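Asks: For reference, the structure I am asking about is given below.
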Amino acid sequence: MCREENLISIVFSTIEEFAPQRNGLLTLMCSMCGSQRGMRLFVAVNEAVNNALFHANRDLPEACVELVAVDEGASLRISVRSEGDGFEHDLRADPGVFSDFLRESGRGVQIILHVVDEVSIEESGSIVTLRMGKDDSQRRNSSIPS
Amino acid sequence: MKIDVSRSGNGARISISGSMYVEDSASVREKLIALLDEGVYNLTLDLSGLDYVDSSGLGVLISIHKRCLQKGGKMTITGLRGMVEELFKLTRLDLVFNVAAH
């Protein structure tokens with residue numbers, strides 16, 4: 001069994017505050033999960049942050065979003081927590097957004113579902129938790145005995 | 001993100017490079033709509049330099065694609081690669097757009 005280690009915690013309320021954090025987050029994710037899986041996790045995190053800022057917190061411009069990254073030993077867990085009432089979502093693998101070709105929005109959650117290993121959405125969308133397994137080399141390096 | 005536009009008659013080649021995030025989508029939308037308003041309906045989007053596009057950016061591309069069709073024009077995507085290509089395939093947008101080999 002491995003200890004969990006908090007890697008990063010970021011609080012922001014606008015996309016302008018979040019934007020400068022992106023490169024650091026991508027580097028962290030790629031260093032732990034490998035370049036391809038790290039990029040996929042980054043894609044999911046970016047979509048989750050967009051949902052938090054522009055949907056969950058839409059009517060609360062002063063509300064914050066908190067992003068926390070935790071090293072679970074074998075995987076990296078990212079949670080995105082907003083203060084608003086969540087956002088509409090459908091966790092079915094494909095509720096039609098990919099076949100409604102000309103629809104201009106609504107693909108964010110579906111992209112998240114397809115690119116990471118595990119997704120959970122709690123409190124109507126106020127908490128989105130993403131999990132991605134590390135690549136083998138990183139898994140061995142971070143096996144911290146409890 | 002960087003966007004370069006090269007016009008020729010009623011067509012234009014638009015090269016988008018870097019990462020297209022939600023805060024970039026509005027400017028891409030404005031530039032492409034301005035072209036359509038000037039009668040440029042045949043657009044080729046060169047995405048060979050694009051590393052990432054989020055779902056808001058995909059929405060903008062769909063919106064412009066629809067406007068092109070309404071005007072009797074055509075939007076072609078070229079240079080898909082890496083994560084951007086994966087996202088196009090995942091969301092099946094590779095079936096929506098005219099995707100040309102780079």
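Each chain in the structure tokens gets a letter, A, B, ..., in the order shown, and its residues are numbered from 1; ligands are numbered from 1 in order too.
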Write out, as a Markdown table, each residue of chain B that has an atom at most 9 Å from chain A, together with the closest pair of atoms and their distance in Å to one decimal, counting only C-alpha atoms, rows going by chain and rising number.
Replies:
| residue | atom | partner | partner_atom | distance |
| --- | --- | --- | --- | --- |
| B:Tyr21 | CA | A:Asn46 | CA | 8.7 |
| B:Val22 | CA | A:Asn50 | CA | 7.6 |
| B:Glu23 | CA | A:Ile15 | CA | 7.5 |
| B:Tyr52 | CA | A:Val43 | CA | 8.3 |
| B:Val53 | CA | A:Val43 | CA | 8.7 |
| B:Asp54 | CA | A:Glu47 | CA | 6.9 |
| B:Ser55 | CA | A:Gly108 | CA | 5.6 |
| B:Ser56 | CA | A:Ser105 | CA | 6.9 |
| B:Leu58 | CA | A:Glu104 | CA | 7.5 |
| B:Gly59 | CA | A:Glu104 | CA | 4.2 |
| B:Val60 | CA | A:Glu104 | CA | 7.0 |
| B:Leu61 | CA | A:Glu104 | CA | 8.4 |
| B:Ile62 | CA | A:Glu104 | CA | 6.1 |
| B:Ser63 | CA | A:Glu104 | CA | 6.4 |
| B:His65 | CA | A:Leu102 | CA | 8.8 |
| B:Lys66 | CA | A:Leu102 | CA | 7.5 |
| B:Met83 | CA | A:Met39 | CA | 7.7 |
| B:Leu87 | CA | A:Ile111 | CA | 7.9 |
| B:Leu90 | CA | A:Ile111 | CA | 7.6 |
| B:Thr91 | CA | A:Phe98 | CA | 5.2 |
| B:Arg92 | CA | A:Phe98 | CA | 6.1 |
| B:Leu93 | CA | A:Phe101 | CA | 7.0 |
| B:Leu95 | CA | A:Phe101 | CA | 8.4 |
| B:Val96 | CA | A:Phe101 | CA | 6.3 |
Asks: Can those selected residues be exported to a file as a JSON list (two decimals), in the first residue's frame so that it contains N, CA and C atoms?
Replies:
[["chain", "number", "residue", "atom", "x", "y", "z"],
["B", 21, "TYR", "N", -7.03, 27.31, -26.94],
["B", 21, "TYR", "CA", -7.81, 27.17, -25.70],
["B", 21, "TYR", "C", -9.09, 27.99, -25.78],
["B", 22, "VAL", "N", -9.90, 27.85, -24.76],
["B", 22, "VAL", "CA", -11.20, 28.54, -24.74],
["B", 22, "VAL", "C", -11.05, 30.04, -24.93],
["B", 23, "GLU", "N", -9.99, 30.61, -24.38],
["B", 23, "GLU", "CA", -9.83, 32.07, -24.49],
["B", 23, "GLU", "C", -9.36, 32.49, -25.89],
["B", 52, "TYR", "N", -2.96, 21.42, -29.74],
["B", 52, "TYR", "CA", -4.10, 21.09, -28.89],
["B", 52, "TYR", "C", -5.26, 22.00, -29.23],
["B", 53, "VAL", "N", -6.47, 21.46, -29.19],
["B", 53, "VAL", "CA", -7.69, 22.27, -29.32],
["B", 53, "VAL", "C", -8.70, 21.71, -28.32],
["B", 54, "ASP", "N", -9.37, 22.58, -27.59],
["B", 54, "ASP", "CA", -10.36, 22.07, -26.64],
["B", 54, "ASP", "C", -11.75, 22.03, -27.29],
["B", 55, "SER", "N", -12.75, 21.60, -26.52],
["B", 55, "SER", "CA", -14.07, 21.39, -27.13],
["B", 55, "SER", "C", -14.69, 22.71, -27.58],
["B", 56, "SER", "N", -14.31, 23.83, -26.95],
["B", 56, "SER", "CA", -14.85, 25.11, -27.41],
["B", 56, "SER", "C", -14.29, 25.45, -28.79],
["B", 58, "LEU", "N", -13.33, 23.20, -31.02],
["B", 58, "LEU", "CA", -14.00, 22.31, -31.98],
["B", 58, "LEU", "C", -15.37, 22.89, -32.34],
["B", 59, "GLY", "N", -16.04, 23.46, -31.33],
["B", 59, "GLY", "CA", -17.35, 24.08, -31.58],
["B", 59, "GLY", "C", -17.26, 25.24, -32.56],
["B", 60, "VAL", "N", -16.20, 26.03, -32.45],
["B", 60, "VAL", "CA", -16.00, 27.14, -33.38],
["B", 60, "VAL", "C", -15.80, 26.61, -34.80],
["B", 61, "LEU", "N", -15.00, 25.56, -34.94],
["B", 61, "LEU", "CA", -14.76, 25.01, -36.27],
["B", 61, "LEU", "C", -16.06, 24.48, -36.89],
["B", 62, "ILE", "N", -16.89, 23.85, -36.05],
["B", 62, "ILE", "CA", -18.18, 23.35, -36.56],
["B", 62, "ILE", "C", -19.06, 24.52, -37.00],
["B", 63, "SER", "N", -19.07, 25.56, -36.19],
["B", 63, "SER", "CA", -19.88, 26.74, -36.51],
["B", 63, "SER", "C", -19.47, 27.35, -37.86],
["B", 65, "HIS", "N", -17.80, 25.83, -40.26],
["B", 65, "HIS", "CA", -18.11, 24.83, -41.30],
["B", 65, "HIS", "C", -19.57, 24.99, -41.76],
["B", 66, "LYS", "N", -20.48, 25.15, -40.80],
["B", 66, "LYS", "CA", -21.90, 25.29, -41.13],
["B", 66, "LYS", "C", -22.14, 26.57, -41.93],
["B", 83, "MET", "N", -2.47, 14.82, -30.88],
["B", 83, "MET", "CA", -3.66, 14.88, -30.02],
["B", 83, "MET", "C", -4.84, 15.49, -30.75],
["B", 87, "LEU", "N", -8.44, 13.81, -31.17],
["B", 87, "LEU", "CA", -9.70, 14.43, -30.74],
["B", 87, "LEU", "C", -10.71, 14.50, -31.89],
["B", 90, "LEU", "N", -11.97, 10.93, -32.16],
["B", 90, "LEU", "CA", -12.79, 10.58, -31.00],
["B", 90, "LEU", "C", -14.19, 11.20, -31.11],
["B", 91, "THR", "N", -14.24, 12.46, -31.51],
["B", 91, "THR", "CA", -15.52, 13.15, -31.59],
["B", 91, "THR", "C", -16.18, 12.98, -32.95],
["B", 92, "ARG", "N", -15.54, 12.19, -33.80],
["B", 92, "ARG", "CA", -16.02, 11.85, -35.14],
["B", 92, "ARG", "C", -16.09, 13.06, -36.07],
["B", 93, "LEU", "N", -15.39, 14.11, -35.70],
["B", 93, "LEU", "CA", -15.40, 15.28, -36.56],
["B", 93, "LEU", "C", -14.60, 15.06, -37.83],
["B", 95, "LEU", "N", -15.28, 12.85, -39.71],
["B", 95, "LEU", "CA", -16.31, 12.47, -40.68],
["B", 95, "LEU", "C", -17.14, 13.66, -41.11],
["B", 96, "VAL", "N", -17.11, 14.73, -40.31],
["B", 96, "VAL", "CA", -17.92, 15.92, -40.59],
["B", 96, "VAL", "C", -17.21, 16.83, -41.58]]
Asks: Would you pick out the contacts of Ala101 of chain B at 9 Å or less, using only C-alpha atoms, so that residues sharing its chain but fewer than 4 positions from it are not included, and give the list as a compact mmCIF listing (two decimals) with N, CA and C atoms, in the first residue's frame?
Replies:
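So part07.txt came out as:
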# COMPACT_ATOMS: atom_id res chain seq x y z
N ILE B 77 -10.02 20.75 -43.87
CA ILE B 77 -9.03 20.70 -42.79
C ILE B 77 -7.82 19.90 -43.30
N THR B 78 -6.67 20.43 -43.05
CA THR B 78 -5.46 19.70 -43.44
C THR B 78 -4.44 19.72 -42.30
N GLY B 79 -3.55 18.75 -42.30
CA GLY B 79 -2.45 18.74 -41.34
C GLY B 79 -2.80 18.19 -39.97
N LEU B 80 -3.88 17.41 -39.87
CA LEU B 80 -4.23 16.84 -38.56
C LEU B 80 -3.12 15.91 -38.09
Asks: May I ask for the distance between atom CA of Asp51 of chain B and atom CA of Met20 of chain B, given in Å to one decimal place?
Replies: 8.1 Å
Asks: May I ask for the distance between atom CA of Ser82 of chain A and atom CA of Glu118 of chain A, given in Å to one decimal place?
Replies: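 We find that atom CA of Ser82 of chain A and atom CA of Glu118 of chain A lie 19.3 Å from each other.
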Asks: Got a sec to tell me which of segment 18-91 of chain B DSSP assigns to alpha helix (DSSP H), as JSON, numbers by chain?
Replies: {"B": [22, 23, 24, 25, 26, 27, 28, 29, 30, 31, 32, 33, 34, 35, 36, 37, 55, 56, 57, 58, 59, 60, 61, 62, 63, 64, 65, 66, 67, 68, 69, 70, 82, 83, 84, 85, 86, 87, 88, 89, 90]}
Asks: Write out the residues from the selection above, keeping C-alpha atoms, as a PDB file, in the first residue's frame.
Replies:
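Resulting contents of selection06.pdb:
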ATOM      1  CA  VAL B  22     -11.201  28.537 -24.741  1.00  0.00           C
ATOM      2  CA  GLU B  23      -9.826  32.070 -24.495  1.00  0.00           C
ATOM      3  CA  ASP B  24      -8.517  31.821 -28.090  1.00  0.00           C
ATOM      4  CA  SER B  25     -11.764  30.567 -29.601  1.00  0.00           C
ATOM      5  CA  ALA B  26     -13.466  33.952 -29.859  1.00  0.00           C
ATOM      6  CA  SER B  27     -10.640  35.512 -31.885  1.00  0.00           C
ATOM      7  CA  VAL B  28     -10.528  32.536 -34.272  1.00  0.00           C
ATOM      8  CA  ARG B  29     -14.282  32.767 -34.687  1.00  0.00           C
ATOM      9  CA  GLU B  30     -14.120  36.522 -35.366  1.00  0.00           C
ATOM     10  CA  LYS B  31     -11.328  36.186 -37.942  1.00  0.00           C
ATOM     11  CA  LEU B  32     -13.092  33.394 -39.830  1.00  0.00           C
ATOM     12  CA  ILE B  33     -16.483  35.100 -39.755  1.00  0.00           C
ATOM     13  CA  ALA B  34     -14.840  38.280 -41.076  1.00  0.00           C
ATOM     14  CA  LEU B  35     -13.553  36.270 -44.046  1.00  0.00           C
ATOM     15  CA  LEU B  36     -17.019  34.866 -44.732  1.00  0.00           C
ATOM     16  CA  ASP B  37     -18.505  38.363 -44.489  1.00  0.00           C
ATOM     17  CA  SER B  55     -14.066  21.394 -27.126  1.00  0.00           C
ATOM     18  CA  SER B  56     -14.848  25.114 -27.408  1.00  0.00           C
ATOM     19  CA  GLY B  57     -12.416  25.336 -30.322  1.00  0.00           C
ATOM     20  CA  LEU B  58     -14.003  22.312 -31.976  1.00  0.00           C
ATOM     21  CA  GLY B  59     -17.349  24.082 -31.576  1.00  0.00           C
ATOM     22  CA  VAL B  60     -15.998  27.141 -33.381  1.00  0.00           C
ATOM     23  CA  LEU B  61     -14.759  25.011 -36.275  1.00  0.00           C
ATOM     24  CA  ILE B  62     -18.176  23.350 -36.559  1.00  0.00           C
ATOM     25  CA  SER B  63     -19.885  26.744 -36.509  1.00  0.00           C
ATOM     26  CA  ILE B  64     -17.673  28.052 -39.328  1.00  0.00           C
ATOM     27  CA  HIS B  65     -18.114  24.833 -41.300  1.00  0.00           C
ATOM     28  CA  LYS B  66     -21.903  25.293 -41.132  1.00  0.00           C
ATOM     29  CA  ARG B  67     -21.665  28.931 -42.220  1.00  0.00           C
ATOM     30  CA  CYS B  68     -19.460  27.939 -45.179  1.00  0.00           C
ATOM     31  CA  LEU B  69     -22.015  25.381 -46.293  1.00  0.00           C
ATOM     32  CA  GLN B  70     -24.832  27.917 -45.955  1.00  0.00           C
ATOM     33  CA  GLY B  82      -1.105  14.029 -32.703  1.00  0.00           C
ATOM     34  CA  MET B  83      -3.660  14.880 -30.023  1.00  0.00           C
ATOM     35  CA  VAL B  84      -5.653  17.110 -32.363  1.00  0.00           C
ATOM     36  CA  GLU B  85      -6.108  14.243 -34.812  1.00  0.00           C
ATOM     37  CA  GLU B  86      -7.052  11.947 -31.926  1.00  0.00           C
ATOM     38  CA  LEU B  87      -9.695  14.431 -30.743  1.00  0.00           C
ATOM     39  CA  PHE B  88     -11.119  14.790 -34.248  1.00  0.00           C
ATOM     40  CA  LYS B  89     -11.418  10.999 -34.527  1.00  0.00           C
ATOM     41  CA  LEU B  90     -12.791  10.585 -31.001  1.00  0.00           C
TER      42      LEU B  90
END
Asks: Take atom CA of Gly34 of chain A and atom CA of Asp117 of chain A and report the distance between them in Å, one decimal.
Replies: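 Here the two named atoms are 13.8 Å from each other.
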Asks: If you run DSSP on this backbone, which residues of chain A come out as strand (DSSP E or B), and could you give them as a PyMOL selection string?
Replies: chain A and resi 2+5-12+65-71+75-82+118-122+127-133+145
Asks: Leaving out Thr27 of chain A and any residue of its chain fewer than 2 positions from it, which residues lie within 12 Å of it when counting only C-alpha atoms, given as a PyMOL selection string?
Replies: chain A and resi 21-25+29-39+41-42
Asks: Print the selection's residues with N, CA and C atoms to a file, as a tab-separated table (two decimals), in the first residue's frame.
Replies:
chain	number	residue	atom	x	y	z
A	21	GLN	N	-1.00	28.39	-15.47
A	21	GLN	CA	-0.69	27.12	-14.77
A	21	GLN	C	-0.65	25.93	-15.73
A	22	ARG	N	-1.15	26.13	-16.93
A	22	ARG	CA	-1.33	24.97	-17.83
A	22	ARG	C	-0.02	24.25	-18.15
A	23	ASN	N	1.01	25.01	-18.51
A	23	ASN	CA	2.25	24.35	-18.92
A	23	ASN	C	2.84	23.50	-17.79
A	24	GLY	N	2.79	24.04	-16.57
A	24	GLY	CA	3.30	23.30	-15.43
A	24	GLY	C	2.50	22.02	-15.18
A	25	LEU	N	1.19	22.13	-15.34
A	25	LEU	CA	0.34	20.95	-15.15
A	25	LEU	C	0.64	19.89	-16.21
A	29	MET	N	1.92	16.10	-15.53
A	29	MET	CA	1.16	14.94	-15.98
A	29	MET	C	1.98	14.05	-16.90
A	30	CYS	N	2.75	14.67	-17.81
A	30	CYS	CA	3.57	13.88	-18.73
A	30	CYS	C	4.71	13.20	-17.99
A	31	SER	N	5.25	13.87	-16.97
A	31	SER	CA	6.36	13.26	-16.23
A	31	SER	C	5.88	12.05	-15.43
A	32	MET	N	4.63	12.04	-15.04
A	32	MET	CA	4.13	10.93	-14.22
A	32	MET	C	3.44	9.84	-15.03
A	33	CYS	N	2.79	10.24	-16.10
A	33	CYS	CA	1.97	9.26	-16.84
A	33	CYS	C	2.53	8.94	-18.22
A	34	GLY	N	3.65	9.55	-18.58
A	34	GLY	CA	4.18	9.39	-19.93
A	34	GLY	C	3.58	10.45	-20.83
A	35	SER	N	4.22	10.73	-21.96
A	35	SER	CA	3.80	11.87	-22.77
A	35	SER	C	2.39	11.71	-23.34
A	36	GLN	N	2.08	10.51	-23.83
A	36	GLN	CA	0.77	10.35	-24.47
A	36	GLN	C	-0.37	10.35	-23.45
A	37	ARG	N	-0.19	9.55	-22.39
A	37	ARG	CA	-1.26	9.48	-21.37
A	37	ARG	C	-1.31	10.78	-20.57
A	38	GLY	N	-0.17	11.41	-20.37
A	38	GLY	CA	-0.15	12.69	-19.67
A	38	GLY	C	-0.90	13.75	-20.46
A	39	MET	N	-0.72	13.74	-21.78
A	39	MET	CA	-1.44	14.70	-22.63
A	39	MET	C	-2.93	14.44	-22.57
A	41	LEU	N	-4.59	13.15	-20.07
A	41	LEU	CA	-5.07	13.64	-18.77
A	41	LEU	C	-5.20	15.16	-18.80
A	42	PHE	N	-4.23	15.81	-19.42
A	42	PHE	CA	-4.27	17.27	-19.55
A	42	PHE	C	-5.53	17.72	-20.31
Asks: Excluding Glu123 of chain A and residues on its chain fewer than 3 positions from it, collect all residues at most 12 Å away from it, counting only C-alpha atoms, and give them as a list in words.
Replies: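 Residues near the query, excluding close chain neighbours: Ala56, Val80, Arg81, Ser82, Glu83, Gly84, Asp85, Gly86, Phe87, Glu88, His89, Ser120, Ser126, Ile127, Val128 and Thr129 of chain A.
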Asks: Could the residues in this selection be saved with C-alpha atoms as a PDB file, in the first residue's frame?
Replies:
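Below is the file selection-v4.pdb, written as the result:
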ATOM      1  CA  ALA A  56     -20.771  25.373 -12.854  1.00  0.00           C
ATOM      2  CA  VAL A  80     -11.579  19.941  -9.920  1.00  0.00           C
ATOM      3  CA  ARG A  81     -14.002  21.438  -7.432  1.00  0.00           C
ATOM      4  CA  SER A  82     -16.276  24.382  -8.193  1.00  0.00           C
ATOM      5  CA  GLU A  83     -18.547  26.370  -5.905  1.00  0.00           C
ATOM      6  CA  GLY A  84     -21.553  26.608  -8.203  1.00  0.00           C
ATOM      7  CA  ASP A  85     -24.460  24.232  -8.681  1.00  0.00           C
ATOM      8  CA  GLY A  86     -22.628  21.977 -11.099  1.00  0.00           C
ATOM      9  CA  PHE A  87     -23.520  21.557 -14.749  1.00  0.00           C
ATOM     10  CA  GLU A  88     -25.650  19.353 -16.934  1.00  0.00           C
ATOM     11  CA  HIS A  89     -23.878  16.147 -17.854  1.00  0.00           C
ATOM     12  CA  SER A 120     -16.304  10.460 -11.244  1.00  0.00           C
ATOM     13  CA  SER A 126     -19.332  20.451  -8.612  1.00  0.00           C
ATOM     14  CA  ILE A 127     -16.591  17.878  -8.082  1.00  0.00           C
ATOM     15  CA  VAL A 128     -14.975  16.149 -11.032  1.00  0.00           C
ATOM     16  CA  THR A 129     -12.302  13.574 -10.197  1.00  0.00           C
TER      17      THR A 129
END
